[in-house]
Amino acid sequence: MPFLPLVIMSMSYGWFTVDVKILPVFQPNDYLYKQHANKGKERWEIYAWAVRDAMSKAGELELNE
C-alpha cells in the first residue's frame with residue numbers, strides 16, 4: 001500500500017464509530033408461513049423475506065429490490 005493513503009487511514013482511525021445491534025434468534029413457525037404465503041412459493045423464500053424485513057427495520061435501512 002502506498003505510504004500516503006496508509007498515513008491518511010491511520011490518522012482517521014479515531015473518527016470511526018460502529019453501532020452493533022444484536023437481534024434475537026429468528027425461528028419461523030407455521031403462523032409465519034401461513035400469514036406471509038404471498039411473499040414466496042417455498043418456505044425458504046418466505047423465511048428469507050422475513051429475515052430481510054426484520055434486518056432492514058432494525059437497521060433503519062430502505063429495501064431495494
# chains A, B, ... in the order shown; residues from 1 in each chain; ligands from 1
call {"tool": "select_by_dssp", "arguments": {"residues": "chain A", "states": "helix (DSSP H, G or I)", "output": "VMD selection string"}}
result
chain A and resid 3 to 11 13 to 15 30 to 35 37 to 39 43 to 58
call {"tool": "write_last_selection", "arguments": {"atoms": "C-alpha atoms", "output": "tab-separated table (two decimals), in the first residue's frame"}}
result
chain	number	residue	atom	x	y	z
A	3	PHE	CA	2.59	5.47	2.12
A	4	LEU	CA	0.24	8.50	1.80
A	5	PRO	CA	-3.05	6.51	1.83
A	6	LEU	CA	-1.68	4.47	4.74
A	7	VAL	CA	-0.96	7.65	6.73
A	8	ILE	CA	-4.41	9.11	5.95
A	9	MET	CA	-6.14	5.90	7.03
A	10	SER	CA	-4.06	5.70	10.19
A	11	MET	CA	-4.78	9.32	11.12
A	13	TYR	CA	-8.78	5.81	12.71
A	14	GLY	CA	-10.14	7.65	15.77
A	15	TRP	CA	-13.17	9.12	13.97
A	30	ASP	CA	-46.41	-22.23	10.74
A	31	TYR	CA	-48.12	-18.92	11.52
A	32	LEU	CA	-45.38	-17.05	9.64
A	33	TYR	CA	-45.69	-19.31	6.62
A	34	LYS	CA	-49.49	-19.00	6.51
A	35	GLN	CA	-49.68	-15.23	7.08
A	37	ALA	CA	-47.66	-17.02	1.90
A	38	ASN	CA	-47.78	-14.28	-0.74
A	39	LYS	CA	-44.07	-13.48	-0.21
A	43	ARG	CA	-40.84	-21.92	2.76
A	44	TRP	CA	-37.22	-20.79	2.39
A	45	GLU	CA	-38.34	-17.79	0.30
A	46	ILE	CA	-40.81	-16.70	2.99
A	47	TYR	CA	-38.15	-17.18	5.67
A	48	ALA	CA	-35.61	-15.15	3.66
A	49	TRP	CA	-38.16	-12.37	3.16
A	50	ALA	CA	-38.97	-12.26	6.89
A	51	VAL	CA	-35.31	-12.14	7.96
A	52	ARG	CA	-34.53	-9.46	5.37
A	53	ASP	CA	-37.51	-7.41	6.54
A	54	ALA	CA	-36.51	-7.70	10.21
A	55	MET	CA	-32.91	-6.71	9.45
A	56	SER	CA	-33.95	-3.69	7.39
A	57	LYS	CA	-36.30	-2.47	10.14
A	58	ALA	CA	-33.69	-2.97	12.88
call {"tool": "atom_distance", "arguments": {"atom1": "CA of Lys41 in chain A", "atom2": "CA of Glu60 in chain A"}}
result
27.1 Å
call {"tool": "atom_distance", "arguments": {"atom1": "CA of Phe16 in chain A", "atom2": "CA of Gly59 in chain A"}}
result
17.7 Å
call {"tool": "decode", "arguments": {"residues": "chain A", "atoms": "C-alpha atoms", "output": "PDB file, in the first residue's frame"}}
result
ATOM      1  CA  MET A   1       0.000   0.000   0.000  1.00  0.00           C
ATOM      2  CA  PRO A   2       1.376   3.444  -0.833  1.00  0.00           C
ATOM      3  CA  PHE A   3       2.590   5.473   2.116  1.00  0.00           C
ATOM      4  CA  LEU A   4       0.242   8.495   1.800  1.00  0.00           C
ATOM      5  CA  PRO A   5      -3.052   6.508   1.831  1.00  0.00           C
ATOM      6  CA  LEU A   6      -1.684   4.474   4.745  1.00  0.00           C
ATOM      7  CA  VAL A   7      -0.957   7.654   6.732  1.00  0.00           C
ATOM      8  CA  ILE A   8      -4.409   9.109   5.951  1.00  0.00           C
ATOM      9  CA  MET A   9      -6.135   5.903   7.028  1.00  0.00           C
ATOM     10  CA  SER A  10      -4.062   5.703  10.194  1.00  0.00           C
ATOM     11  CA  MET A  11      -4.781   9.323  11.117  1.00  0.00           C
ATOM     12  CA  SER A  12      -8.540   8.964  10.587  1.00  0.00           C
ATOM     13  CA  TYR A  13      -8.780   5.814  12.710  1.00  0.00           C
ATOM     14  CA  GLY A  14     -10.140   7.651  15.768  1.00  0.00           C
ATOM     15  CA  TRP A  15     -13.169   9.119  13.970  1.00  0.00           C
ATOM     16  CA  PHE A  16     -14.893   5.890  13.011  1.00  0.00           C
ATOM     17  CA  THR A  17     -17.669   4.515  15.207  1.00  0.00           C
ATOM     18  CA  VAL A  18     -19.836   1.445  14.851  1.00  0.00           C
ATOM     19  CA  ASP A  19     -23.166   0.608  16.453  1.00  0.00           C
ATOM     20  CA  VAL A  20     -23.813  -3.110  16.741  1.00  0.00           C
ATOM     21  CA  LYS A  21     -27.377  -4.328  17.139  1.00  0.00           C
ATOM     22  CA  ILE A  22     -27.771  -7.921  18.216  1.00  0.00           C
ATOM     23  CA  LEU A  23     -31.085  -9.318  17.062  1.00  0.00           C
ATOM     24  CA  PRO A  24     -32.834 -12.247  18.711  1.00  0.00           C
ATOM     25  CA  VAL A  25     -32.733 -15.681  17.126  1.00  0.00           C
ATOM     26  CA  PHE A  26     -35.370 -15.890  14.411  1.00  0.00           C
ATOM     27  CA  GLN A  27     -37.285 -19.166  14.485  1.00  0.00           C
ATOM     28  CA  PRO A  28     -40.035 -19.423  11.884  1.00  0.00           C
ATOM     29  CA  ASN A  29     -43.304 -21.192  12.651  1.00  0.00           C
ATOM     30  CA  ASP A  30     -46.407 -22.233  10.743  1.00  0.00           C
ATOM     31  CA  TYR A  31     -48.118 -18.916  11.522  1.00  0.00           C
ATOM     32  CA  LEU A  32     -45.379 -17.049   9.638  1.00  0.00           C
ATOM     33  CA  TYR A  33     -45.690 -19.306   6.616  1.00  0.00           C
ATOM     34  CA  LYS A  34     -49.492 -19.005   6.514  1.00  0.00           C
ATOM     35  CA  GLN A  35     -49.684 -15.235   7.077  1.00  0.00           C
ATOM     36  CA  HIS A  36     -46.984 -14.377   4.532  1.00  0.00           C
ATOM     37  CA  ALA A  37     -47.660 -17.017   1.901  1.00  0.00           C
ATOM     38  CA  ASN A  38     -47.782 -14.284  -0.744  1.00  0.00           C
ATOM     39  CA  LYS A  39     -44.072 -13.479  -0.206  1.00  0.00           C
ATOM     40  CA  GLY A  40     -42.806 -16.642  -1.879  1.00  0.00           C
ATOM     41  CA  LYS A  41     -43.679 -20.038  -3.246  1.00  0.00           C
ATOM     42  CA  GLU A  42     -41.443 -22.073  -0.972  1.00  0.00           C
ATOM     43  CA  ARG A  43     -40.836 -21.922   2.756  1.00  0.00           C
ATOM     44  CA  TRP A  44     -37.224 -20.791   2.389  1.00  0.00           C
ATOM     45  CA  GLU A  45     -38.341 -17.786   0.298  1.00  0.00           C
ATOM     46  CA  ILE A  46     -40.808 -16.699   2.991  1.00  0.00           C
ATOM     47  CA  TYR A  47     -38.145 -17.183   5.672  1.00  0.00           C
ATOM     48  CA  ALA A  48     -35.611 -15.155   3.659  1.00  0.00           C
ATOM     49  CA  TRP A  49     -38.157 -12.366   3.162  1.00  0.00           C
ATOM     50  CA  ALA A  50     -38.969 -12.259   6.894  1.00  0.00           C
ATOM     51  CA  VAL A  51     -35.307 -12.136   7.962  1.00  0.00           C
ATOM     52  CA  ARG A  52     -34.535  -9.457   5.372  1.00  0.00           C
ATOM     53  CA  ASP A  53     -37.512  -7.407   6.539  1.00  0.00           C
ATOM     54  CA  ALA A  54     -36.508  -7.702  10.208  1.00  0.00           C
ATOM     55  CA  MET A  55     -32.911  -6.713   9.453  1.00  0.00           C
ATOM     56  CA  SER A  56     -33.952  -3.690   7.393  1.00  0.00           C
ATOM     57  CA  LYS A  57     -36.298  -2.474  10.139  1.00  0.00           C
ATOM     58  CA  ALA A  58     -33.688  -2.965  12.876  1.00  0.00           C
ATOM     59  CA  GLY A  59     -31.024  -1.177  10.853  1.00  0.00           C
ATOM     60  CA  GLU A  60     -33.428   1.513   9.657  1.00  0.00           C
ATOM     61  CA  LEU A  61     -32.474   0.700   6.073  1.00  0.00           C
ATOM     62  CA  GLU A  62     -34.556   1.096   2.956  1.00  0.00           C
ATOM     63  CA  LEU A  63     -35.291  -2.077   0.999  1.00  0.00           C
ATOM     64  CA  ASN A  64     -34.192  -2.084  -2.603  1.00  0.00           C
ATOM     65  CA  GLU A  65     -35.476  -4.730  -4.967  1.00  0.00           C
TER      66      GLU A  65
END
